[in-house]
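File shown here: start_14.cif, holding mmCIF, C-alpha atoms and all ligand atoms.
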data_query
loop_
_atom_site.label_atom_id
_atom_site.label_comp_id
_atom_site.auth_asym_id
_atom_site.auth_seq_id
_atom_site.Cartn_x
_atom_site.Cartn_y
_atom_site.Cartn_z
CA MET W 1 3.37 11.49 13.43
CA ASN W 2 5.26 13.72 11.01
CA ILE W 3 8.43 12.49 9.35
CA ILE W 4 10.91 13.50 6.70
CA LEU W 5 12.00 10.81 4.26
CA PHE W 6 15.48 11.93 3.45
CA GLY W 7 18.02 10.86 0.84
CA PRO W 8 19.43 11.61 -2.59
CA PRO W 9 17.34 11.41 -5.76
CA GLY W 10 16.66 7.76 -6.54
CA ALA W 11 17.02 6.61 -2.92
CA GLY W 12 13.43 5.35 -2.93
CA LYS W 13 11.71 8.15 -1.00
CA GLY W 14 8.66 8.29 -3.27
CA THR W 15 8.23 4.51 -3.36
CA GLN W 16 8.48 4.20 0.40
CA ALA W 17 6.24 7.24 1.02
CA LYS W 18 3.48 5.62 -1.05
CA ARG W 19 3.74 2.47 1.06
CA LEU W 20 3.53 4.47 4.30
CA GLU W 21 0.47 6.26 2.96
CA LYS W 22 -1.19 2.88 2.38
CA ASN W 23 -0.07 1.25 5.64
CA ARG W 24 -0.47 4.15 8.05
CA GLY W 25 -2.75 6.74 6.47
CA LEU W 26 0.02 9.34 6.48
CA ILE W 27 -0.04 11.85 3.62
CA GLN W 28 2.93 12.15 1.25
CA LEU W 29 3.97 15.74 0.64
CA SER W 30 6.35 15.61 -2.30
CA THR W 31 7.52 19.03 -3.44
CA GLY W 32 8.78 17.40 -6.66
CA ASP W 33 5.27 16.07 -7.44
CA MET W 34 3.71 19.43 -6.53
CA LEU W 35 6.16 21.30 -8.76
CA ARG W 36 5.59 18.89 -11.68
CA ALA W 37 1.83 19.45 -11.28
CA ALA W 38 2.42 23.22 -11.29
CA VAL W 39 4.54 22.92 -14.45
CA ALA W 40 1.86 20.79 -16.16
CA ALA W 41 -0.86 23.27 -15.15
CA GLY W 42 1.23 26.23 -16.31
CA THR W 43 0.80 28.18 -13.06
CA GLU W 44 3.08 31.09 -12.17
CA TYR W 45 5.20 28.85 -9.91
CA GLY W 46 5.28 26.19 -12.61
CA ARG W 47 6.57 28.63 -15.23
CA LYS W 48 9.31 29.78 -12.88
CA ALA W 49 10.30 26.25 -11.84
CA LYS W 50 10.32 24.47 -15.23
CA GLU W 51 13.75 25.44 -16.54
CA VAL W 52 15.44 25.06 -13.17
CA MET W 53 14.04 21.53 -12.80
CA GLU W 54 15.12 20.56 -16.31
CA LYS W 55 18.67 21.57 -15.40
CA GLY W 56 18.57 19.48 -12.22
CA GLU W 57 19.05 22.52 -10.00
CA LEU W 58 17.02 23.57 -6.97
CA VAL W 59 13.93 25.73 -7.29
CA SER W 60 13.94 28.83 -5.04
CA ASP W 61 13.34 28.32 -1.33
CA GLU W 62 10.53 30.87 -1.48
CA ILE W 63 8.51 28.89 -4.02
CA VAL W 64 8.78 25.51 -2.30
CA ILE W 65 8.13 26.98 1.16
CA ASN W 66 4.95 28.66 -0.11
CA ILE W 67 3.79 25.46 -1.79
CA ILE W 68 4.34 23.39 1.35
CA SER W 69 2.79 25.96 3.68
CA ASP W 70 -0.39 26.13 1.56
CA ARG W 71 -0.60 22.33 1.39
CA LEU W 72 -0.29 21.98 5.19
CA ASP W 73 -3.40 24.14 5.56
CA GLU W 74 -5.59 21.92 3.38
CA GLY W 75 -8.30 19.85 5.07
CA ASP W 76 -7.10 16.34 4.17
CA VAL W 77 -3.64 17.10 5.59
CA LYS W 78 -5.03 18.69 8.75
CA ASN W 79 -7.22 15.64 9.40
CA ALA W 80 -4.53 13.04 8.63
CA PRO W 81 -2.62 11.19 11.37
CA GLY W 82 0.54 12.82 10.00
CA VAL W 83 2.59 13.70 6.97
CA ILE W 84 5.67 12.42 5.15
CA PHE W 85 7.85 15.16 3.74
CA ASP W 86 9.43 13.77 0.57
CA GLY W 87 12.06 15.90 -1.15
CA PHE W 88 11.59 18.75 1.31
CA PRO W 89 13.45 20.39 2.98
CA ARG W 90 16.44 20.46 0.63
CA THR W 91 18.39 23.43 2.04
CA VAL W 92 19.16 24.66 5.54
CA ALA W 93 16.97 27.73 4.87
CA GLN W 94 14.04 25.42 4.03
CA ALA W 95 14.64 23.38 7.20
CA GLU W 96 14.66 26.50 9.35
CA GLU W 97 11.50 27.73 7.70
CA LEU W 98 9.86 24.32 8.18
CA ASP W 99 10.62 24.44 11.91
CA LYS W 100 8.92 27.85 12.14
CA MET W 101 5.99 26.73 10.00
CA LEU W 102 5.35 23.57 12.03
CA GLY W 103 5.63 25.50 15.30
CA GLY W 104 3.08 28.02 14.06
CA LYS W 105 0.67 25.25 13.06
CA GLY W 106 1.07 23.32 16.35
CA MET W 107 2.87 20.42 14.62
CA LYS W 108 6.24 18.79 15.23
CA LEU W 109 8.72 16.54 13.46
CA ASN W 110 9.06 13.09 14.98
CA ALA W 111 11.84 11.67 12.84
CA VAL W 112 14.09 12.22 9.87
CA VAL W 113 14.47 8.82 8.22
CA VAL W 114 17.63 8.83 6.12
CA LEU W 115 17.80 6.31 3.26
CA GLU W 116 21.48 5.51 2.88
CA VAL W 117 22.46 4.52 -0.67
CA ASP W 118 25.60 4.32 -2.81
CA ASP W 119 25.86 7.09 -5.40
CA GLU W 120 26.88 4.55 -8.04
CA ALA W 121 23.52 2.78 -7.80
CA LEU W 122 21.47 5.95 -8.13
CA VAL W 123 22.08 6.76 -11.79
CA GLU W 124 20.99 3.25 -12.81
CA ARG W 125 17.96 3.39 -10.54
CA ILE W 126 16.81 6.76 -11.85
CA THR W 127 17.48 6.40 -15.56
CA GLY W 128 15.60 3.07 -15.63
CA ARG W 129 12.46 4.18 -13.88
CA TYR W 130 9.05 4.96 -15.39
CA THR W 131 5.46 5.19 -14.22
CA CYS W 132 2.01 4.23 -15.40
CA ALA W 133 0.51 7.30 -17.08
CA LYS W 134 -2.94 6.46 -15.70
CA CYS W 135 -2.51 5.38 -12.06
CA GLY W 136 1.06 6.52 -11.32
CA LYS W 137 2.37 3.09 -10.28
CA GLY W 138 6.16 3.11 -10.48
CA TYR W 139 8.25 0.58 -12.43
CA HIS W 140 11.89 0.00 -13.33
CA GLU W 141 13.36 -1.51 -16.51
CA LYS W 142 15.54 -3.85 -14.51
CA PHE W 143 14.30 -4.00 -10.91
CA GLU W 144 10.51 -3.84 -11.12
CA LYS W 145 8.95 -4.81 -14.42
CA PRO W 146 5.19 -5.20 -14.90
CA LYS W 147 4.10 -8.87 -14.72
CA GLU W 148 2.89 -8.66 -18.31
CA GLU W 149 5.21 -6.59 -20.49
CA GLY W 150 3.77 -3.20 -21.39
CA VAL W 151 0.68 -3.56 -19.16
CA CYS W 152 0.30 -1.88 -15.76
CA ASP W 153 -0.19 -4.44 -12.92
CA GLU W 154 -2.51 -2.12 -11.02
CA CYS W 155 -4.84 -0.65 -13.65
CA GLY W 156 -4.17 -2.44 -16.96
CA SER W 157 -3.14 0.73 -18.79
CA THR W 158 -0.59 0.39 -21.60
CA GLU W 159 0.67 3.97 -21.39
CA PHE W 160 3.73 4.85 -19.39
CA THR W 161 5.68 8.05 -18.78
CA ARG W 162 9.17 9.05 -17.78
CA ARG W 163 10.19 12.20 -15.93
CA ALA W 164 11.87 14.82 -18.12
CA ASP W 165 14.70 15.13 -15.57
CA ASP W 166 15.49 11.40 -15.32
CA ASN W 167 18.21 11.49 -18.00
CA GLU W 168 21.83 10.86 -17.04
CA GLU W 169 23.10 14.42 -17.46
CA THR W 170 20.36 15.93 -15.30
CA VAL W 171 20.68 13.14 -12.74
CA ARG W 172 24.35 14.06 -12.26
CA SER W 173 23.38 17.71 -11.60
CA ARG W 174 20.67 16.58 -9.17
CA LEU W 175 23.19 14.45 -7.28
CA ALA W 176 25.62 17.37 -7.11
CA ALA W 177 22.85 19.62 -5.75
CA TYR W 178 22.04 16.94 -3.17
CA HIS W 179 25.63 16.67 -1.93
CA GLU W 180 26.24 20.41 -1.87
CA GLN W 181 22.98 21.77 -0.54
CA THR W 182 20.90 18.97 0.96
CA ALA W 183 23.21 16.44 2.64
CA PRO W 184 24.35 19.05 5.24
CA LEU W 185 20.81 18.89 6.65
CA ILE W 186 21.60 15.54 8.26
CA ALA W 187 23.90 17.37 10.70
CA TYR W 188 21.17 19.99 11.25
CA TYR W 189 18.69 17.30 12.33
CA GLU W 190 21.30 15.32 14.25
CA THR W 191 21.54 18.21 16.70
CA ALA W 192 17.79 17.78 17.25
CA GLY W 193 18.39 14.04 17.91
CA ILE W 194 15.75 12.82 15.45
CA VAL W 195 17.86 11.23 12.69
CA LYS W 196 17.21 7.52 12.02
CA LYS W 197 19.35 5.85 9.36
CA VAL W 198 18.18 2.88 7.30
CA ASP W 199 19.91 0.81 4.62
CA GLY W 200 18.42 2.04 1.35
CA MET W 201 20.42 -0.49 -0.68
CA ALA W 202 18.29 -3.38 0.58
CA ASP W 203 15.37 -4.55 -1.56
CA ILE W 204 12.18 -2.48 -1.52
CA ASP W 205 10.28 -4.68 0.97
CA ALA W 206 13.27 -4.86 3.33
CA VAL W 207 13.59 -1.06 3.31
CA THR W 208 9.87 -0.72 4.11
CA LYS W 209 10.33 -3.13 7.02
CA GLN W 210 13.22 -1.11 8.44
CA ILE W 211 11.22 2.13 8.18
CA GLU W 212 8.16 0.54 9.81
CA GLU W 213 10.38 -0.61 12.69
CA VAL W 214 11.71 2.91 13.15
CA LEU W 215 8.18 4.33 13.19
CA ASP W 216 6.93 1.63 15.57
CA GLY W 217 9.75 2.61 17.89
CA LEU W 218 8.50 6.21 17.94
CA ALA W 219 4.88 5.41 18.73
P1 LIG Y 1 12.16 15.32 -6.87
O1 LIG Y 1 10.89 14.82 -7.46
O2 LIG Y 1 12.10 15.39 -5.36
O3 LIG Y 1 13.37 14.56 -7.36
O4 LIG Y 1 12.34 16.82 -7.37
C1 LIG Y 1 12.46 17.13 -8.75
C2 LIG Y 1 13.01 18.54 -8.92
O5 LIG Y 1 12.09 19.48 -8.35
C3 LIG Y 1 14.34 18.81 -8.22
O6 LIG Y 1 15.45 18.40 -9.00
C4 LIG Y 1 14.26 20.33 -8.03
O7 LIG Y 1 14.53 21.02 -9.23
C5 LIG Y 1 12.80 20.54 -7.70
N1 LIG Y 1 12.53 20.44 -6.24
C6 LIG Y 1 11.77 19.51 -5.60
N2 LIG Y 1 11.73 19.73 -4.28
C7 LIG Y 1 12.49 20.83 -4.06
C8 LIG Y 1 12.88 21.54 -2.90
N3 LIG Y 1 12.46 21.18 -1.67
N4 LIG Y 1 13.68 22.64 -3.06
C9 LIG Y 1 14.09 23.03 -4.28
N5 LIG Y 1 13.79 22.39 -5.42
C10 LIG Y 1 13.00 21.28 -5.32
#
As structure tokens, what does this structure read like?
Amino acid sequence: MNIILFGPPGAGKGTQAKRLEKNRGLIQLSTGDMLRAAVAAGTEYGRKAKEVMEKGELVSDEIVINIISDRLDEGDVKNAPGVIFDGFPRTVAQAEELDKMLGGKGMKLNAVVVLEVDDEALVERITGRYTCAKCGKGYHEKFEKPKEEGVCDECGSTEFTRRADDNEETVRSRLAAYHEQTAPLIAYYETAGIVKKVDGMADIDAVTKQIEEVLDGLA
């Protein structure tokens, strides 16, 4: 089963993708995570992407398509029961290319799960979030604090990081890019009849439950 988790930045795509990985063995393919890794490693793609990401704009279609195509050919992905596209596609050109890519690899998309959220909530969600520097567990200053302040629930680490692009100014640019370039994809996938909308404003567990119900309905 291959799905797209779709929604604006801060909708909860990454959080929900991690839960689906755990519950169903699907593999999360986050172009944002892949690009951040490329930036940290100083690869050619990383050098090209860094400034664009810091401005909250979209990296070129060519770069993200190449990154995704290479990842789909790796062994763990090929042997998985399916993948979750998280943050990809973000433009109509990327969606068209994804269709071609999946066709060529004998794969298909089963659903586009759209997390519906109010724009107002997103800035607060994003600017308050941080992750454990060691295990990557996500937290939020207001909505999901560690049980013991300053200590990761999962691994006990006391070091945390924040994304460079999670400041208010960049978040506003990212939201604008979403509305201009990415939201039109919902209509693209509606013509294929695979769009499933869920209420992304519910609490994290309730959103997971809605997504699981959608996926159970596909099986
Ligand atoms: P994300 O982690 O999904 O919020 O992505 C962080 C940043 O990486 C975005 O603001 C873009 O600059 C870049 N990015 C991630 N995925 C894509 C994509 N599919 N197309 C273009 N840029 C992307």
Inset, instruction - Enumerate as an NGL selection string the residues within 6 Å of ligand LIG 1 (chain Y), counting only C-alpha atoms and all ligand atoms. - result: :W and (9 or 31-33 or 52-53 or 56-61 or 64 or 87-90 or 174)
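Considering the residues W:Asp118, W:Asp216, W:Asp99, W:Glu141 and counting only C-alpha atoms, Gly10 (chain W) has its shortest atom-to-atom contact with W:Asp118.
Candidate residues W:Asp86, W:Glu149, W:Asp70, W:Glu54 were compared for distance to Thr170 (chain W), and the nearest is W:Glu54, using only C-alpha atoms.
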Inset, instruction - Give me, please, the distance in Å between CA of Asp199 (chain W) and CA of Leu115 (chain W), quoted to one decimal. - result: 6.0 Å
Could you make a table, as a Markdown table, of the residues of region 55-156 of chain W that have an atom within 12 Å of an atom of region 166-169 of chain W, each with its nearest atom pair and distance in Å to one decimal, counting all atoms listed in the file, in chain and number order?
| residue | atom | partner | partner_atom | distance |
| --- | --- | --- | --- | --- |
| W:Lys55 | CA | W:Glu169 | CA | 8.7 |
| W:Gly56 | CA | W:Glu169 | CA | 8.6 |
| W:Glu57 | CA | W:Glu169 | CA | 11.7 |
| W:Leu122 | CA | W:Glu168 | CA | 10.2 |
| W:Val123 | CA | W:Glu168 | CA | 6.7 |
| W:Glu124 | CA | W:Glu168 | CA | 8.7 |
| W:Arg125 | CA | W:Asp166 | CA | 9.6 |
| W:Ile126 | CA | W:Asp166 | CA | 5.9 |
| W:Thr127 | CA | W:Asp166 | CA | 5.4 |
| W:Gly128 | CA | W:Asp166 | CA | 8.3 |
| W:Arg129 | CA | W:Asp166 | CA | 8.0 |
| W:Tyr130 | CA | W:Asp166 | CA | 9.1 |
| W:Thr131 | CA | W:Asp166 | CA | 11.8 |
